[in-house]
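The file start-v3.tsv contains TSV, C-alpha atoms:
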chain	number	residue	atom	x	y	z
A	1	MET	CA	113.51	101.95	150.32
A	2	PRO	CA	109.82	102.58	149.49
A	3	ASN	CA	108.87	101.78	153.08
A	4	LYS	CA	111.16	104.56	154.29
A	5	ILE	CA	109.49	106.92	151.84
A	6	ALA	CA	106.08	105.80	153.08
A	7	ALA	CA	107.08	106.27	156.69
A	8	ALA	CA	108.41	109.73	155.98
A	9	VAL	CA	105.39	110.83	153.95
A	10	LEU	CA	102.56	109.12	155.82
A	11	GLY	CA	103.71	109.17	159.44
A	12	PRO	CA	102.19	106.69	161.93
A	13	ALA	CA	100.58	103.56	160.49
A	14	GLU	CA	96.96	104.34	161.47
A	15	SER	CA	96.86	107.81	159.95
A	16	GLY	CA	99.05	106.59	157.10
A	17	ASN	CA	96.47	103.98	156.12
A	18	SER	CA	93.74	106.63	156.14
A	19	ILE	CA	95.79	108.76	153.77
A	20	LEU	CA	96.31	105.78	151.49
A	21	GLN	CA	92.57	105.05	151.48
A	22	PHE	CA	91.88	108.69	150.64
A	23	LEU	CA	94.37	108.51	147.77
A	24	GLY	CA	92.80	105.28	146.48
A	25	GLU	CA	89.31	106.77	146.50
A	26	ALA	CA	90.57	109.97	144.86
A	27	ALA	CA	92.30	107.98	142.12
A	28	TYR	CA	89.14	106.02	141.31
A	29	LEU	CA	87.00	109.16	141.38
A	30	TRP	CA	89.30	110.81	138.83
A	31	SER	CA	89.07	107.71	136.64
A	32	TYR	CA	85.25	107.74	136.89
A	33	ARG	CA	85.35	111.34	135.68
A	34	GLY	CA	87.52	110.33	132.73
A	35	GLN	CA	90.64	112.09	134.03
A	36	LEU	CA	92.87	109.07	133.50
A	37	ASP	CA	96.19	110.93	133.68
A	38	LYS	CA	95.42	112.34	137.12
A	39	SER	CA	94.14	108.96	138.23
A	40	ALA	CA	97.25	107.16	136.94
A	41	ALA	CA	99.55	109.59	138.76
A	42	ILE	CA	97.83	108.84	142.07
A	43	PHE	CA	97.94	105.09	141.46
A	44	GLN	CA	101.69	105.41	140.76
A	45	ALA	CA	102.07	107.24	144.06
A	46	LEU	CA	100.14	104.46	145.79
A	47	ILE	CA	102.54	101.88	144.32
A	48	THR	CA	105.46	103.87	145.71
A	49	LEU	CA	103.89	104.26	149.15
A	50	ALA	CA	102.38	100.77	149.46
A	51	PRO	CA	104.30	98.51	147.08
A	52	ASN	CA	102.89	95.29	148.56
A	53	ASP	CA	99.27	96.38	148.20
A	54	PRO	CA	97.37	95.45	145.00
A	55	VAL	CA	95.27	98.64	144.67
A	56	GLY	CA	97.85	100.72	142.79
A	57	HIS	CA	98.64	97.97	140.29
A	58	GLN	CA	94.99	97.07	139.89
A	59	GLY	CA	93.99	100.68	139.24
A	60	LEU	CA	96.79	101.12	136.71
A	61	ALA	CA	95.73	97.90	134.98
A	62	GLU	CA	92.19	99.24	134.58
A	63	ILE	CA	93.46	102.55	133.19
A	64	TYR	CA	95.73	100.80	130.71
A	65	LEU	CA	92.82	98.59	129.63
A	66	THR	CA	90.74	101.70	128.98
A	67	GLN	CA	93.58	103.30	127.04
A	68	GLY	CA	94.15	100.19	124.92
A	69	LYS	CA	97.59	99.51	126.41
A	70	PHE	CA	96.94	95.82	126.87
A	71	ARG	CA	100.50	94.61	127.47
A	72	GLU	CA	100.96	97.10	130.30
A	73	ALA	CA	97.50	96.23	131.63
A	74	GLU	CA	98.35	92.52	131.68
A	75	ARG	CA	101.63	93.18	133.48
A	76	GLU	CA	100.03	95.33	136.18
A	77	ALA	CA	97.13	92.90	136.65
A	78	GLN	CA	99.59	90.04	137.05
A	79	THR	CA	101.49	91.99	139.72
A	80	ALA	CA	98.22	92.73	141.51
A	81	SER	CA	97.14	89.10	141.38
A	82	ARG	CA	100.42	88.00	143.01
A	83	SER	CA	100.00	90.32	145.98
A	84	THR	CA	99.96	88.42	149.23
A	85	SER	CA	98.03	91.05	151.16
A	86	ALA	CA	94.90	90.93	148.99
A	87	ASP	CA	91.64	89.23	149.97
A	88	ARG	CA	89.91	86.67	147.73
A	89	ARG	CA	87.62	89.14	146.02
A	90	THR	CA	90.44	91.54	145.16
A	91	THR	CA	92.65	88.73	143.88
A	92	ALA	CA	89.81	87.41	141.74
A	93	PHE	CA	89.26	90.92	140.36
A	94	ALA	CA	92.96	91.11	139.44
A	95	TYR	CA	92.75	87.75	137.63
A	96	LYS	CA	89.63	88.94	135.83
A	97	LEU	CA	91.45	92.08	134.67
A	98	ARG	CA	94.35	89.92	133.49
A	99	GLY	CA	91.95	87.70	131.59
A	100	ARG	CA	90.39	90.70	129.87
A	101	ALA	CA	93.81	92.05	128.88
A	102	LEU	CA	94.90	88.64	127.58
A	103	MET	CA	91.73	88.35	125.51
A	104	GLN	CA	92.60	91.65	123.87
A	105	LEU	CA	96.12	90.37	123.21
A	106	ASN	CA	94.60	87.29	121.55
A	107	ARG	CA	96.25	84.97	124.08
A	108	LEU	CA	93.03	83.08	124.48
A	109	LYS	CA	94.15	79.99	126.38
A	110	GLU	CA	95.87	82.10	128.99
A	111	ALA	CA	92.84	84.38	129.16
A	112	GLU	CA	90.53	81.44	129.74
A	113	LYS	CA	92.86	80.12	132.43
A	114	ALA	CA	92.96	83.49	134.19
A	115	LEU	CA	89.16	83.80	134.16
A	116	LEU	CA	88.79	80.24	135.45
A	117	ARG	CA	91.27	81.01	138.21
A	118	ALA	CA	89.23	84.10	139.14
A	119	SER	CA	86.06	82.02	139.32
A	120	GLU	CA	87.79	79.43	141.52
A	121	ILE	CA	89.37	81.93	143.90
A	122	ASP	CA	86.11	83.74	144.61
A	123	ALA	CA	83.76	80.81	144.01
A	124	GLY	CA	80.24	81.90	144.93
A	125	GLY	CA	81.36	85.51	145.41
A	126	ALA	CA	80.54	88.52	143.25
A	127	GLU	CA	83.81	88.54	141.32
A	128	GLY	CA	83.81	84.78	140.85
A	129	LYS	CA	80.32	84.95	139.36
A	130	SER	CA	81.32	87.88	137.18
A	131	ALA	CA	84.33	85.97	135.85
A	132	LEU	CA	82.08	82.99	135.11
A	133	GLU	CA	79.68	85.22	133.19
A	134	ILE	CA	82.53	86.58	131.07
A	135	LEU	CA	83.75	83.04	130.43
A	136	GLU	CA	80.31	81.81	129.41
A	137	ALA	CA	79.69	84.82	127.18
A	138	ALA	CA	83.06	84.34	125.49
A	139	ARG	CA	82.30	80.66	124.92
A	140	ARG	CA	78.86	81.44	123.52
A	141	MET	CA	80.45	83.89	121.09
A	142	GLY	CA	83.03	81.28	120.10
A	143	ILE	CA	85.99	83.31	121.40
A	144	PHE	CA	87.24	80.37	123.45
A	145	PRO	CA	87.26	77.16	121.43
A	146	SER	CA	85.26	74.52	123.26
A	147	GLY	CA	87.14	71.61	124.80
A	148	THR	CA	90.28	73.56	125.67
A	149	SER	CA	89.45	73.52	129.36
A	150	PRO	CA	86.97	71.86	131.70
A	151	PRO	CA	83.39	73.19	131.50
A	152	VAL	CA	82.37	75.91	133.92
A	153	LYS	CA	80.50	74.49	136.92
B	1	MET	CA	20.16	86.00	186.52
B	2	ALA	CA	17.40	87.74	184.63
B	3	ASP	CA	15.23	85.70	182.37
B	4	ILE	CA	15.31	86.61	178.73
B	5	LYS	CA	11.87	86.81	177.26
B	6	VAL	CA	11.54	85.67	173.75
B	7	ASN	CA	8.42	86.84	172.01
B	8	PRO	CA	8.07	85.14	168.66
B	9	GLU	CA	5.11	87.32	167.82
B	10	SER	CA	7.08	90.56	168.03
B	11	ASP	CA	6.31	93.17	165.39
B	12	GLN	CA	9.83	94.69	165.57
B	13	PHE	CA	10.93	92.88	162.47
B	14	VAL	CA	9.49	93.91	159.18
B	15	PRO	CA	9.73	91.69	156.16
B	16	VAL	CA	12.70	92.39	153.92
B	17	GLN	CA	11.76	94.00	150.65
B	18	GLU	CA	12.71	91.94	147.65
B	19	HIS	CA	14.76	93.51	144.91
B	20	THR	CA	13.09	94.02	141.62
B	21	PRO	CA	15.10	93.05	138.52
B	22	VAL	CA	17.11	95.96	137.12
B	23	GLN	CA	17.08	96.64	133.41
B	24	THR	CA	20.66	96.59	132.09
B	25	ALA	CA	21.75	98.12	128.83
B	26	ASN	CA	23.37	95.75	126.36
B	27	ASN	CA	26.42	97.99	125.84
B	28	SER	CA	27.29	98.42	129.50
B	29	GLY	CA	30.29	96.11	129.18
B	30	VAL	CA	31.67	98.13	126.29
B	31	ASN	CA	31.27	101.38	128.23
B	32	PHE	CA	33.01	99.84	131.19
B	33	GLY	CA	35.78	98.66	128.88
B	34	LYS	CA	36.19	102.19	127.53
B	35	VAL	CA	36.45	103.65	131.00
B	36	LEU	CA	38.81	100.89	132.11
B	37	GLY	CA	40.99	101.36	129.06
B	38	GLY	CA	41.22	105.10	129.60
B	39	ALA	CA	41.94	104.69	133.27
B	40	ALA	CA	44.60	102.07	132.60
B	41	ASN	CA	46.15	104.37	130.02
B	42	ILE	CA	46.42	107.30	132.43
B	43	ALA	CA	47.57	105.10	135.30
B	44	GLY	CA	50.10	103.38	133.09
B	45	GLN	CA	51.55	106.65	131.87
B	46	LEU	CA	51.81	107.90	135.45
B	47	VAL	CA	53.42	104.69	136.68
B	48	SER	CA	55.92	104.47	133.86
B	49	GLY	CA	56.76	108.14	134.27
B	50	VAL	CA	57.42	107.77	137.98
B	51	ALA	CA	59.13	104.40	138.01
B	52	GLY	CA	61.11	104.86	134.81
B	53	ALA	CA	62.79	101.78	133.45
B	54	GLN	CA	61.56	99.51	136.21
B	55	THR	CA	58.10	99.21	134.65
B	56	LEU	CA	59.57	98.61	131.22
B	57	GLY	CA	57.07	101.13	129.86
B	58	LEU	CA	54.19	98.69	129.87
B	59	GLY	CA	51.56	101.06	131.17
B	60	PRO	CA	50.57	103.15	128.14
B	61	LEU	CA	50.57	100.15	125.86
B	62	VAL	CA	48.34	98.16	128.17
B	63	GLY	CA	45.99	101.13	128.36
B	64	ASN	CA	45.88	101.51	124.61
B	65	ILE	CA	45.33	97.83	124.04
B	66	ALA	CA	42.59	97.68	126.65
B	67	GLY	CA	40.92	100.75	125.17
B	68	SER	CA	41.09	99.49	121.65
B	69	LEU	CA	39.90	96.00	122.55
B	70	ALA	CA	36.88	97.52	124.22
B	71	GLY	CA	36.12	99.34	121.00
B	72	GLY	CA	36.03	102.73	122.64
B	73	ASN	CA	37.74	106.00	122.00
B	74	GLY	CA	40.26	106.10	124.82
B	75	VAL	CA	41.83	109.15	126.33
B	76	SER	CA	44.77	108.89	123.97
B	77	GLY	CA	42.65	109.24	120.82
B	78	GLY	CA	41.03	106.87	118.39
B	79	PRO	CA	41.27	103.12	118.33
B	80	LEU	CA	44.54	101.55	117.22
B	81	ASP	CA	44.65	99.76	113.92
B	82	GLY	CA	46.80	96.73	113.28
B	83	SER	CA	49.92	98.52	112.02
B	84	GLU	CA	49.92	101.00	114.88
B	85	LEU	CA	49.61	98.17	117.35
B	86	THR	CA	52.45	96.30	115.66
B	87	ASN	CA	54.62	99.41	115.79
B	88	LEU	CA	53.83	99.89	119.45
B	89	LEU	CA	54.67	96.29	120.21
B	90	GLN	CA	57.96	96.58	118.34
B	91	LEU	CA	58.73	99.77	120.24
B	92	GLN	CA	57.82	98.01	123.46
B	93	ASN	CA	60.19	95.14	122.69
B	94	GLU	CA	62.99	97.57	121.92
B	95	ILE	CA	62.41	99.46	125.19
B	96	GLN	CA	62.37	96.19	127.10
B	97	ARG	CA	65.63	95.07	125.47
B	98	GLN	CA	67.30	98.39	126.25
B	99	SER	CA	66.12	98.20	129.85
B	100	LEU	CA	67.60	94.74	130.25
B	101	VAL	CA	70.94	95.85	128.82
B	102	PHE	CA	70.93	98.96	131.01
B	103	ASN	CA	70.17	96.93	134.14
B	104	ALA	CA	72.90	94.43	133.32
B	105	GLN	CA	75.44	97.21	132.77
B	106	THR	CA	74.55	99.02	135.99
B	107	ASN	CA	74.76	95.76	137.94
B	108	ILE	CA	78.23	95.07	136.53
B	109	SER	CA	79.36	98.63	137.31
B	110	LYS	CA	78.03	98.34	140.86
B	111	THR	CA	79.84	95.05	141.49
B	112	ASP	CA	83.11	96.40	140.10
B	113	HIS	CA	82.84	99.58	142.18
B	114	GLU	CA	82.19	97.60	145.36
B	115	THR	CA	85.24	95.41	144.69
B	116	ARG	CA	87.44	98.46	144.11
B	117	MET	CA	86.24	100.17	147.27
B	118	SER	CA	86.67	96.99	149.27
B	119	ALA	CA	90.30	96.83	148.12
B	120	VAL	CA	90.78	100.53	148.92
B	121	ARG	CA	89.42	100.05	152.46
B	122	ASN	CA	92.01	97.35	153.07
B	123	ILE	CA	95.05	99.32	151.91
B	124	ARG	CA	98.01	98.85	154.23
B	125	THR	CA	101.50	100.28	154.05

Kindly return the structure encoded in the file as structure tokens.
Amino acid sequence: MPNKIAAAVLGPAESGNSILQFLGEAAYLWSYRGQLDKSAAIFQALITLAPNDPVGHQGLAEIYLTQGKFREAEREAQTASRSTSADRRTTAFAYKLRGRALMQLNRLKEAEKALLRASEIDAGGAEGKSALEILEAARRMGIFPSGTSPPVK
Amino acid sequence: MADIKVNPESDQFVPVQEHTPVQTANNSGVNFGKVLGGAANIAGQLVSGVAGAQTLGLGPLVGNIAGSLAGGNGVSGGPLDGSELTNLLQLQNEIQRQSLVFNAQTNISKTDHETRMSAVRNIRT
């Protein structure tokens, strides 16, 4: 059903993708300006128009994290991380978001696992390194008890 | 090929005059230190003003320290005593710490933004 909506709203695939990219950029620009409601509405529209793409879920997860809605953030980040059409960097970013949400929910083992997964998926990449830095900082601060998982390489 | 005539008795060359020793004042080093300290102070203020956080604000402090070590009255005023110098060093450390935090935060923001935009560029229906 959503694909029919997308086809009706967006038209041919090439121009449709450009419209989706415009919507994605607009949504992030609203969030950078602090207009989270407007941003969330556009991300919801993106989920309707491109349900298999991670951007809508990922954007919503970030907004929910900012608003302190950690359960919703974790759910959206998990959906984004399961997307099959995402590249390594985007998937790692989704896992990192999930890890951050889980940390806030005090589900520390799962959080550590999610961050480790992010570092493995994008090993050597920007998001992988970022996930490693979060992991190491959390370990230094004693958030993750040592010995629960293999040391970060 | 023309022969080159070499006349060792030529009077074209006059003997080089020897330098006479120059009297130097004992405090020349101090004066130079004063000037150097003042110049470093001005240059440091200019550099830190233009480059902002990148210089970590080292310029004025270096100038002040150089001026005060030389025992002169720098451009910025009188010599620094111990407590003023300590305060300046503490201030310097605080500025340096803030710069590091700021740089780290901007780097993180930049990486996150690039990831988001990379995902947006790959949106497909």

(request) Would you be able to write out as a list in words which residues have an atom within 12 Å of (80.6, 95.5, 139.0) in the file's coordinates, counting only C-alpha atoms? (result)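 Nearby residues: Arg89, Phe93, Lys96, Gly125, Ala126, Glu127, Gly128, Lys129, Ser130, Ala131 and Glu133 of chain A; Asn103, Ala104, Gln105, Thr106, Asn107, Ile108, Ser109, Lys110, Thr111, Asp112, His113, Glu114, Thr115, Arg116 and Met117 of chain B.
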
(message) Give me, as a PyMOL selection string, the residues of chain B touching chain A, with the criterion being at most 7 Å (counting all atoms listed in the file).
(response) chain B and resi 111+115+119-121+123-125

Give me a file of those residues, with C-alpha atoms, as a PDB file, in the coordinates of the input.
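Final file, out_38.pdb:
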ATOM      1  CA  THR B 111      79.840  95.050 141.490  1.00  0.00           C
ATOM      2  CA  THR B 115      85.240  95.410 144.690  1.00  0.00           C
ATOM      3  CA  ALA B 119      90.300  96.830 148.120  1.00  0.00           C
ATOM      4  CA  VAL B 120      90.780 100.530 148.920  1.00  0.00           C
ATOM      5  CA  ARG B 121      89.420 100.050 152.460  1.00  0.00           C
ATOM      6  CA  ILE B 123      95.050  99.320 151.910  1.00  0.00           C
ATOM      7  CA  ARG B 124      98.010  98.850 154.230  1.00  0.00           C
ATOM      8  CA  THR B 125     101.500 100.280 154.050  1.00  0.00           C
TER       9      THR B 125
END

(request) For atom CA of A:Gln78 and atom CA of A:Ile63, quote the distance in Å rounded to one decimal. (result) 14.5 Å

(message) When you count only C-alpha atoms, which of these residues is closest to A:His57: A:Ala114, A:Leu108, A:Ile42, A:Ala137?
(response)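 The closest residue to A:His57 is A:Ile42.
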
(message) Please compute the atom CA of B:Ser83-atom CA of B:Phe102 distance, one decimal, in Å.
(response)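 Separation of atom CA of B:Ser83 and atom CA of B:Phe102: 28.3 Å.
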
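Put simply, atom CA of A:Thr79 is 16.4 Å away from atom CA of A:Lys113.
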
Coordinates of box centre and edge lengths for stretch 14-28 of chain A, 6 Å on every side, axis-aligned, as JSON:
{"center_x": 94.1, "center_y": 107.0, "center_z": 151.4, "size_x": 21.9, "size_y": 18.0, "size_z": 32.2}

(request) Within 7 Å of A:Phe70, counting only C-alpha atoms, which residues show up once you throw out same-chain ones fewer than 2 positions away? Write them as a list in words, please. (result) Tyr64, Leu65, Gly68, Glu72, Ala73, Glu74, Ala101, Gln104 and Leu105 of chain A
